[in-house]
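Enquirer: Sharing a structure, written as structure tokens. Questions coming.
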Amino acid sequence: MKRILGIDYGDVRVGVAISDPLGITAQGLQTIVINSSDKKFILQIKDIINKYDVDTIVIGYPKNMDGTISKKAEKIDKLIPILEKLGVNVITWDERLTTVAAYKTMRELNISQKNKNQVADKLAAQYILEGYLESLKNI
């Protein structure tokens with residue numbers, strides 16, 4: 001079965017999570033350092049799509065707390081058609097507070113400051129994907 005990819009997009013780092021083949025669980029996969037290179041981002045995502053047989057991407061959509069569209073969401077709007085050209089469906093997912101939740105979890109797990117950047121983005125991607133997978137159960 002096809003898998004679903006969760007993405008927490010950032011200008012410097014991108015967190016990536018993947019569903020199991022049945023689309024039930026989400027696991028943090030990796031953090032990609034892109035340093036504002038959309039070309040590097042697309043190439044890495046293309047490799048992941050091919051390796052894991054992905055047909056859907058759920059990308060975090062960073063709205064402001066009042067529900068308005070942020071500057072980063074506008075950037076994601078520009079990335080969506082590029083991702084769709086890779087042969088996948090792209091779904092945006094409200095990611096408000098996923099990074100906050102990731103840092104809270106890391107505090108509870110006593111993850112060292114040194115490792116937080118690598119873990120936070122991957123964990124936020126996992127939360128984005130888990131939220132989406134949970135919504136599918138309610139359909």
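Residues in the structure tokens are named by chain (A, B, ... in the order shown) and by number from 1 within that chain; ligands are numbered from 1 in the order shown.
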Would you mind listing what lies within 12 Å of Lys85 in chain A as a list of chain:residue names, with only C-alpha atoms counted and same-chain residues fewer than 5 positions away left out?
Expert: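 The filter keeps A:Ile42, A:Ile45, A:Lys46, A:Ile49, A:Asp55, A:Leu79, A:Ile80, A:Val90.
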Enquirer: Any chance you can output those residues with C-alpha atoms as a short mmCIF file (atom, residue, chain, number, x, y, z; two decimals), in the first residue's frame?
Expert:
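result_1.cif written:
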data_model
loop_
_atom_site.label_atom_id
_atom_site.label_comp_id
_atom_site.auth_asym_id
_atom_site.auth_seq_id
_atom_site.Cartn_x
_atom_site.Cartn_y
_atom_site.Cartn_z
CA ILE A 42 12.47 19.04 -3.48
CA ILE A 45 11.49 14.77 -0.83
CA LYS A 46 11.55 13.19 -4.29
CA ILE A 49 8.66 9.56 -2.19
CA ASP A 55 1.25 8.97 -2.80
CA LEU A 79 5.76 24.87 -3.09
CA ILE A 80 2.55 22.84 -3.41
CA VAL A 90 -0.63 17.45 -1.32
#
Enquirer: What does the distance from CA of Asn64 in chain A to CA of Ser135 in chain A come to in Å, to one decimal?
Expert: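 The value is 21.5 Å.
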Enquirer: With distances taken over only C-alpha atoms, which of A:Tyr132, A:Ile76, A:Tyr127, A:Asn138 is nearest to Gly15 in chain A?
Expert: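 Closest candidate: A:Tyr127.
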Enquirer: Could you find all residues in chain A that DSSP calls alpha helix (DSSP H) from the backbone, and write them as JSON, numbers by chain?
Expert: {"A": [38, 39, 40, 41, 42, 43, 44, 45, 46, 47, 48, 49, 50, 51, 52, 71, 72, 73, 74, 75, 76, 77, 78, 79, 80, 81, 82, 83, 84, 98, 99, 100, 101, 102, 103, 104, 105, 106, 107, 108, 113, 114, 115, 116, 117, 118, 119, 120, 121, 122, 123, 124, 125, 126, 127, 128, 129, 130, 131, 132, 133, 134, 135, 136, 137]}
Enquirer: What's the 9 Å shell around Asp20 in chain A, counting only C-alpha atoms, without same-chain residues fewer than 6 positions away, as a compact mmCIF listing (two decimals) with N, CA and C atoms, in the first residue's frame?
Expert:
# COMPACT_ATOMS: atom_id res chain seq x y z
N LYS A 2 0.33 2.31 -0.48
CA LYS A 2 1.02 3.59 -0.52
C LYS A 2 1.12 4.20 0.87
N ARG A 3 2.13 5.00 1.08
CA ARG A 3 2.33 5.65 2.37
C ARG A 3 2.04 7.14 2.26
N ILE A 4 1.92 7.75 3.43
CA ILE A 4 1.67 9.19 3.52
C ILE A 4 2.87 9.82 4.22
N ALA A 26 2.15 7.01 12.56
CA ALA A 26 3.14 7.93 12.00
C ALA A 26 4.44 7.78 12.79
N GLN A 27 5.54 7.75 12.08
CA GLN A 27 6.85 7.68 12.71
C GLN A 27 7.71 8.82 12.18
Enquirer: Could you please determine the separation between CA of Lys63 in chain A and CA of Asp47 in chain A in Å, to one decimal place?
Expert: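 CA of Asp47 in chain A lies 28.1 Å from CA of Lys63 in chain A.
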Enquirer: Select, from A:Ile7, A:Val54, A:Ile18, A:Ala120, the residue with the minimum atom-to-atom distance to Gly87 in chain A, counting only C-alpha atoms.
Expert: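 When distances to Gly87 in chain A are compared using only C-alpha atoms, the smallest one comes from A:Val54.
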Enquirer: Which is closer to Lys72 in chain A than all the others in A:Leu86, A:Gly6, A:Glu95, A:Asn35, using only C-alpha atoms?
Expert: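 Nearest to Lys72 in chain A: A:Glu95.
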